[in-house]
$ cat structure-v9.pdb   # PDB, C-alpha atoms
ATOM      1  CA  MET A   1      29.344   1.110 -11.911
ATOM      2  CA  THR A   2      32.648  -0.648 -12.358
ATOM      3  CA  ASP A   3      33.448  -0.653  -8.646
ATOM      4  CA  VAL A   4      30.374  -2.771  -7.917
ATOM      5  CA  SER A   5      30.787  -6.487  -8.573
ATOM      6  CA  LEU A   6      28.041  -8.146 -10.553
ATOM      7  CA  ASP A   7      27.180 -10.281  -7.577
ATOM      8  CA  GLN A   8      26.369  -7.186  -5.553
ATOM      9  CA  LEU A   9      24.267  -5.544  -8.222
ATOM     10  CA  GLY A  10      20.578  -5.217  -7.433
ATOM     11  CA  PRO A  11      17.827  -5.740 -10.007
ATOM     12  CA  VAL A  12      17.657  -2.947 -12.566
ATOM     13  CA  ASP A  13      14.244  -1.666 -13.639
ATOM     14  CA  TYR A  14      12.935   1.032 -15.936
ATOM     15  CA  LEU A  15       9.789   3.027 -16.336
ATOM     16  CA  VAL A  16       8.440   5.480 -18.859
ATOM     17  CA  VAL A  17       6.130   8.151 -17.474
ATOM     18  CA  GLU A  18       4.134   9.898 -20.168
ATOM     19  CA  PHE A  19       2.736  13.408 -19.866
ATOM     20  CA  PRO A  20      -0.002  14.126 -22.393
ATOM     21  CA  ALA A  21       0.034  17.597 -23.915
ATOM     22  CA  GLY A  22      -1.299  20.176 -21.507
ATOM     23  CA  SER A  23      -1.510  17.848 -18.532
ATOM     24  CA  SER A  24       1.975  18.210 -17.086
ATOM     25  CA  ASN A  25       2.230  19.999 -13.789
ATOM     26  CA  PHE A  26       5.845  19.954 -12.681
ATOM     27  CA  THR A  27       6.034  21.273  -9.166
ATOM     28  CA  GLY A  28       9.275  19.537  -8.224
ATOM     29  CA  GLU A  29       7.389  16.930  -6.232
ATOM     30  CA  MET A  30       8.562  14.046  -8.437
ATOM     31  CA  ALA A  31      12.184  15.155  -8.210
ATOM     32  CA  ALA A  32      11.951  15.451  -4.436
ATOM     33  CA  GLU A  33      10.508  11.950  -4.079
ATOM     34  CA  LEU A  34      13.169  10.506  -6.379
ATOM     35  CA  VAL A  35      15.963  12.176  -4.462
ATOM     36  CA  ALA A  36      14.441  10.900  -1.212
ATOM     37  CA  LEU A  37      14.582   7.319  -2.516
ATOM     38  CA  VAL A  38      18.219   7.787  -3.477
ATOM     39  CA  ASP A  39      19.119   9.438  -0.174
ATOM     40  CA  ALA A  40      17.460   6.592   1.717
ATOM     41  CA  GLY A  41      19.611   4.075  -0.173
ATOM     42  CA  THR A  42      16.543   2.427  -1.647
ATOM     43  CA  ILE A  43      17.552   2.948  -5.257
ATOM     44  CA  ARG A  44      20.446   4.186  -7.344
ATOM     45  CA  VAL A  45      19.506   6.151 -10.426
ATOM     46  CA  ILE A  46      21.410   4.803 -13.430
ATOM     47  CA  ASP A  47      19.983   6.847 -16.269
ATOM     48  CA  ILE A  48      17.381   9.464 -17.114
ATOM     49  CA  LEU A  49      16.222  10.689 -20.514
ATOM     50  CA  ILE A  50      13.413  12.988 -21.565
ATOM     51  CA  LEU A  51      11.647  11.964 -24.778
ATOM     52  CA  THR A  52       9.359  14.054 -26.939
ATOM     53  CA  LYS A  53       7.122  12.503 -29.575
ATOM     54  CA  ASN A  54       5.754  14.972 -32.087
ATOM     55  CA  GLU A  55       2.331  14.682 -33.677
ATOM     56  CA  ASP A  56       3.972  13.173 -36.755
ATOM     57  CA  GLY A  57       5.624  10.489 -34.626
ATOM     58  CA  ALA A  58       9.127  11.917 -34.747
ATOM     59  CA  VAL A  59      11.009  11.348 -31.503
ATOM     60  CA  GLU A  60      13.540  13.610 -29.878
ATOM     61  CA  ALA A  61      15.617  12.644 -26.876
ATOM     62  CA  MET A  62      17.007  15.065 -24.376
ATOM     63  CA  GLU A  63      19.654  14.503 -21.745
ATOM     64  CA  LEU A  64      18.778  15.518 -18.218
ATOM     65  CA  SER A  65      21.682  17.951 -18.345
ATOM     66  CA  ASP A  66      19.934  19.761 -21.196
ATOM     67  CA  VAL A  67      17.073  20.704 -18.892
ATOM     68  CA  GLY A  68      17.495  24.267 -17.728
ATOM     69  CA  GLU A  69      16.752  24.202 -14.028
ATOM     70  CA  LEU A  70      17.528  20.798 -12.525
ATOM     71  CA  GLY A  71      17.041  21.794  -8.924
ATOM     72  CA  GLU A  72      17.311  18.744  -6.691
ATOM     73  CA  LEU A  73      18.136  16.523  -9.662
ATOM     74  CA  GLN A  74      21.481  18.266 -10.153
ATOM     75  CA  ALA A  75      23.264  15.862  -7.804
ATOM     76  CA  LEU A  76      21.723  12.831  -9.520
ATOM     77  CA  GLU A  77      22.639  14.056 -12.978
ATOM     78  CA  ALA A  78      26.323  14.020 -12.116
ATOM     79  CA  GLN A  79      26.162  10.321 -11.256
ATOM     80  CA  LEU A  80      24.215   8.953 -14.214
ATOM     81  CA  ALA A  81      25.826   5.958 -15.922
ATOM     82  CA  GLU A  82      24.288   6.625 -19.351
ATOM     83  CA  LEU A  83      23.238   3.011 -19.764
ATOM     84  CA  LEU A  84      20.687   3.678 -22.491
ATOM     85  CA  ALA A  85      21.889   3.634 -26.085
ATOM     86  CA  GLU A  86      20.493   5.526 -29.034
ATOM     87  CA  GLU A  87      18.604   2.437 -30.225
ATOM     88  CA  ASP A  88      16.831   2.220 -26.874
ATOM     89  CA  VAL A  89      15.236   5.601 -27.497
ATOM     90  CA  ALA A  90      13.152   4.270 -30.387
ATOM     91  CA  HIS A  91      12.168   1.176 -28.433
ATOM     92  CA  LEU A  92      11.044   3.165 -25.407
ATOM     93  CA  ALA A  93       9.274   5.805 -27.465
ATOM     94  CA  ALA A  94       7.183   3.092 -29.118
ATOM     95  CA  ALA A  95       4.968   3.186 -26.028
ATOM     96  CA  MET A  96       4.348   6.919 -26.313
ATOM     97  CA  GLU A  97       1.370   8.635 -27.900
ATOM     98  CA  PRO A  98       2.082  11.358 -30.476
ATOM     99  CA  GLY A  99       2.162  14.824 -28.937
ATOM    100  CA  THR A 100       3.453  13.726 -25.562
ATOM    101  CA  VAL A 101       6.546  14.112 -23.430
ATOM    102  CA  ALA A 102       7.903  11.250 -21.343
ATOM    103  CA  GLY A 103      10.523  10.780 -18.695
ATOM    104  CA  VAL A 104      12.554   7.564 -18.780
ATOM    105  CA  LEU A 105      14.081   6.395 -15.535
ATOM    106  CA  ILE A 106      16.492   3.481 -15.111
ATOM    107  CA  TRP A 107      17.340   2.494 -11.584
ATOM    108  CA  GLU A 108      18.965  -0.186  -9.515
ATOM    109  CA  ASN A 109      16.963  -1.588  -6.628
ATOM    110  CA  LEU A 110      19.607  -1.314  -3.944
ATOM    111  CA  TRP A 111      17.181  -2.631  -1.356
ATOM    112  CA  ALA A 112      16.966  -5.957  -3.201
ATOM    113  CA  ALA A 113      20.694  -6.458  -3.784
ATOM    114  CA  PRO A 114      21.600  -8.139  -0.468
ATOM    115  CA  PHE A 115      18.660 -10.539  -0.711
ATOM    116  CA  ALA A 116      19.370 -11.361  -4.363
ATOM    117  CA  SER A 117      23.023 -11.908  -3.545
ATOM    118  CA  ALA A 118      22.125 -14.198  -0.645
ATOM    119  CA  ALA A 119      19.742 -16.144  -2.883
ATOM    120  CA  ARG A 120      22.510 -16.671  -5.435
ATOM    121  CA  ARG A 121      24.963 -17.767  -2.763
ATOM    122  CA  SER A 122      22.346 -20.245  -1.612
ATOM    123  CA  GLY A 123      22.205 -21.731  -5.097
ATOM    124  CA  GLY A 124      18.969 -20.048  -6.138
ATOM    125  CA  GLN A 125      18.331 -18.763  -9.633
ATOM    126  CA  LEU A 126      15.796 -16.122 -10.526
ATOM    127  CA  ILE A 127      13.383 -17.776 -12.930
ATOM    128  CA  ALA A 128      10.524 -15.281 -12.930
ATOM    129  CA  ASN A 129       9.621 -11.863 -11.681
ATOM    130  CA  GLY A 130       7.021  -9.270 -12.482
ATOM    131  CA  ARG A 131       4.498  -6.821 -11.206
ATOM    132  CA  ILE A 132       0.879  -7.390 -10.261
ATOM    133  CA  PRO A 133      -1.316  -4.591 -11.645
ATOM    134  CA  ILE A 134      -3.660  -2.985  -9.138
ATOM    135  CA  GLN A 135      -6.479  -3.778 -11.561
ATOM    136  CA  ALA A 136      -5.727  -7.478 -11.223
ATOM    137  CA  ILE A 137      -6.016  -7.248  -7.432
ATOM    138  CA  ILE A 138      -9.311  -5.389  -7.724
ATOM    139  CA  ALA A 139     -10.626  -7.943 -10.221
ATOM    140  CA  SER A 140      -9.622 -10.792  -7.941
ATOM    141  CA  LEU A 141     -11.378  -9.212  -4.949
ATOM    142  CA  GLU A 142     -14.483  -8.492  -6.962
ATOM    143  CA  ALA A 143     -14.563 -12.099  -8.146
ATOM    144  CA  ASP A 144     -14.241 -13.229  -4.531
ATOM    145  CA  GLU A 145     -17.130 -11.012  -3.470
ATOM    146  CA  ALA A 146     -19.280 -12.200  -6.368
ATOM    147  CA  LEU A 147     -18.566 -15.779  -5.398
ATOM    148  CA  ALA A 148     -19.371 -15.084  -1.758
ATOM    149  CA  SER A 149     -22.649 -13.351  -2.591
ATOM    150  CA  LYS A 150     -23.716 -16.360  -4.657
ATOM    151  CA  GLY A 151     -23.310 -18.513  -1.608
ATOM    152  CA  ASP A 152     -25.568 -16.261   0.489
TER     153      ASP A 152
ATOM    154  CA  MET B  19      19.118  18.362 -28.552
ATOM    155  CA  PRO B  20      21.315  15.449 -29.550
ATOM    156  CA  LEU B  21      22.173  12.533 -27.340
ATOM    157  CA  ARG B  22      25.635  12.285 -25.923
ATOM    158  CA  PRO B  23      28.105  10.582 -28.287
ATOM    159  CA  ALA B  24      28.585   7.760 -25.785
ATOM    160  CA  ARG B  25      25.028   6.582 -26.465
ATOM    161  CA  VAL B  26      25.448   6.343 -30.220
ATOM    162  CA  GLY B  27      26.440   3.084 -31.914
ATOM    163  CA  ARG B  28      26.153   0.993 -28.776
ATOM    164  CA  VAL B  29      23.991  -2.081 -28.364
ATOM    165  CA  GLY B  30      20.873  -1.158 -26.415
ATOM    166  CA  VAL B  31      19.543  -2.773 -23.280
ATOM    167  CA  ILE B  32      15.790  -2.625 -23.923
ATOM    168  CA  GLY B  33      15.928  -4.987 -26.867
ATOM    169  CA  HIS B  34      12.470  -4.541 -28.360
ATOM    170  CA  PRO B  35       9.806  -1.900 -28.888
ATOM    171  CA  VAL B  36       7.987  -1.254 -25.638
ATOM    172  CA  ALA B  37       4.217  -1.673 -25.616
ATOM    173  CA  LYS B  38       2.074   0.801 -23.771
ATOM    174  CA  THR B  39       0.916  -0.654 -20.489
ATOM    175  CA  ALA B  40      -2.824  -0.245 -20.715
ATOM    176  CA  VAL B  41      -3.547  -1.208 -17.144
ATOM    177  CA  VAL B  42      -1.133   1.320 -15.748
ATOM    178  CA  ALA B  43      -2.487   4.043 -17.982
ATOM    179  CA  LYS B  44      -5.957   3.180 -16.744
ATOM    180  CA  ALA B  45      -4.833   3.233 -13.140
ATOM    181  CA  VAL B  46      -3.527   6.753 -13.268
ATOM    182  CA  THR B  47      -6.597   8.056 -15.070
ATOM    183  CA  PRO B  48      -9.043   9.465 -12.535
ATOM    184  CA  GLY B  49     -11.985   7.098 -12.496
ATOM    185  CA  PRO B  50     -15.397   7.347 -10.924
ATOM    186  CA  SER B  51     -14.230   6.136  -7.535
ATOM    187  CA  PRO B  52     -10.449   6.161  -7.137
ATOM    188  CA  VAL B  53     -10.702   6.523  -3.372
ATOM    189  CA  ALA B  54     -12.930   3.477  -3.068
ATOM    190  CA  LYS B  55     -10.565   1.466  -5.250
ATOM    191  CA  THR B  56      -7.618   2.497  -3.124
ATOM    192  CA  ALA B  57      -9.410   1.311  -0.018
ATOM    193  CA  VAL B  58     -10.269  -2.010  -1.621
ATOM    194  CA  VAL B  59      -6.694  -2.640  -2.651
ATOM    195  CA  ALA B  60      -5.380  -1.596   0.741
ATOM    196  CA  ALA B  61      -7.729  -4.101   2.325
ATOM    197  CA  ALA B  62      -6.577  -6.798  -0.070
ATOM    198  CA  VAL B  63      -2.969  -6.517   0.982
ATOM    199  CA  THR B  64      -3.755  -6.409   4.691
ATOM    200  CA  PRO B  65      -2.386  -9.484   6.486
ATOM    201  CA  GLY B  66      -5.018 -12.119   7.059
ATOM    202  CA  ARG B  67      -7.481 -10.505   4.704
ATOM    203  CA  ARG B  68      -7.630 -13.545   2.467
ATOM    204  CA  ARG B  69      -6.800 -17.192   2.775
ATOM    205  CA  ARG B  70      -5.585 -19.215  -0.146
ATOM    206  CA  ARG B  71      -7.824 -21.978  -1.371
ATOM    207  CA  ILE B  72      -5.497 -24.427  -3.076
TER     208      ILE B  72
END
$ encode --input "structure-v9.pdb" --output "structure tokens"
Amino acid sequence: MTDVSLDQLGPVDYLVVEFPAGSSNFTGEMAAELVALVDAGTIRVIDILILTKNEDGAVEAMELSDVGELGELQALEAQLAELLAEEDVAHLAAAMEPGTVAGVLIWENLWAAPFASAARRSGGQLIANGRIPIQAIIASLEADEALASKGD
Amino acid sequence: MPLRPARVGRVGVIGHPVAKTAVVAKAVTPGPSPVAKTAVVAAAVTPGRRRRRI
């Protein structure tokens, strides 16, 4: 990470994907898609942790390297920057239900770096960003349709 | 298994307890008509599908 200047760094995001007990079905598909995003230069994986929350709420964190068969993730594991600290584990696990396992992924959006850099060079400052939930789009469309049907 | 020593004692980057994202959890739960919802959303993001009324 040190050979990349801050100005060239793309936005860094995280997600926590929870797998309720008995519902996980790891076929390697997720790993393959993640590796494809990295290979395409779309993202750079910065950190990965696997969290387990017991029924009593106790949380255990596991490094990716502690997973037996990494398969396609082996190459990624060697390049992780270990950005997350121990205190982050508790914060991230707060979203988990007891009795679940979750994967935490931190990544840099390489695709956005050149645009963000250009925006900064142009004097722009990021003042807001976010994600629009699919449910919000559906609700908006449904409201539109309801409004249109009233006019009929 | 324990975390690597490099993660211990450092200031974290998340900063606060993370709340469960209800909408996302709902989205990935198979509903009565996930295919229909997918089609609706796909239509919504199609160019020219909607015009802003400001």
$ closest_atom_pairs --input "structure-v9.pdb" --of "chain B" --to "chain A" --cutoff "7 Å" --atoms "only C-alpha atoms" --output "Markdown table"
| residue | atom | partner | partner_atom | distance |
| --- | --- | --- | --- | --- |
| B:Met19 | CA | A:Met62 | CA | 5.7 |
| B:Pro20 | CA | A:Met62 | CA | 6.7 |
| B:Leu21 | CA | A:Glu63 | CA | 6.4 |
| B:Arg25 | CA | A:Ala85 | CA | 4.3 |
| B:Val26 | CA | A:Glu86 | CA | 5.2 |
| B:Arg28 | CA | A:Ala85 | CA | 5.7 |
| B:Val29 | CA | A:Ala85 | CA | 6.5 |
| B:Gly30 | CA | A:Ala85 | CA | 4.9 |
| B:Val31 | CA | A:Leu84 | CA | 6.6 |
| B:Ile32 | CA | A:Asp88 | CA | 5.8 |
| B:His34 | CA | A:His91 | CA | 5.7 |
| B:Pro35 | CA | A:His91 | CA | 3.9 |
| B:Val36 | CA | A:Leu92 | CA | 5.4 |
| B:Ala37 | CA | A:Ala95 | CA | 4.9 |
| B:Lys38 | CA | A:Ala95 | CA | 4.4 |
| B:Val41 | CA | A:Gln135 | CA | 6.8 |
| B:Val59 | CA | A:Ile138 | CA | 6.3 |
$ closest_residue --input "structure-v9.pdb" --among "A:Thr27, A:Gln79, A:Thr42, A:Gln125" --to "Leu64 (chain A)" --atoms "only C-alpha atoms"
A:Gln79
$ resolve_selection --input "structure-v9.pdb" --expression "the PyMOL selection byres ((chain A and resi 99) around 8)" --output "MDAnalysis selection string"
chainID A and resid 20:21 52:55 57 97:98 100:101
$ resolve_selection --input "structure-v9.pdb" --expression "the PyMOL selection byres ((chain A and resi 72) around 8)" --output "MDAnalysis selection string"
chainID A and resid 31:32 35 70:71 73:76
$ atom_distance --input "structure-v9.pdb" --atom1 "CA of Asp47 (chain A)" --atom2 "CA of Val67 (chain A)"
14.4 Å
$ atom_distance --input "structure-v9.pdb" --atom1 "CA of Leu80 (chain A)" --atom2 "CA of Ile46 (chain A)"
5.1 Å
$ atom_distance --input "structure-v9.pdb" --atom1 "CA of Gly22 (chain A)" --atom2 "CA of Asp56 (chain A)"
17.6 Å
$ axis_aligned_box --input "structure-v9.pdb" --around "region 30-38 of chain A" --padding-each-side "6 Å" --output "lines of an AutoDock Vina configuration file"
center_x = 13.4
center_y = 11.4
center_z = -4.8
size_x = 21.7
size_y = 20.1
size_z = 19.2
$ resolve_selection --input "structure-v9.pdb" --expression "the PyMOL selection byres ((chain A and resi 110-121) around 8)" --output "list in words"
Asp7, Gln8, Leu9, Gly10, Pro11, Gly41, Thr42, Ile43, Arg44, Glu108, Asn109, Ser122, Gly123, Gly124 and Gln125 of chain A
$ closest_residue --input "structure-v9.pdb" --among "A:Ile127, A:Leu15, A:Ala58, A:Ala40" --to "Ala102 (chain A)" --atoms "all atoms listed in the file"
A:Leu15
$ closest_residue --input "structure-v9.pdb" --among "A:Val59, A:Leu34, A:Gly130, A:Leu6" --to "Trp107 (chain A)" --atoms "only C-alpha atoms"
A:Leu34
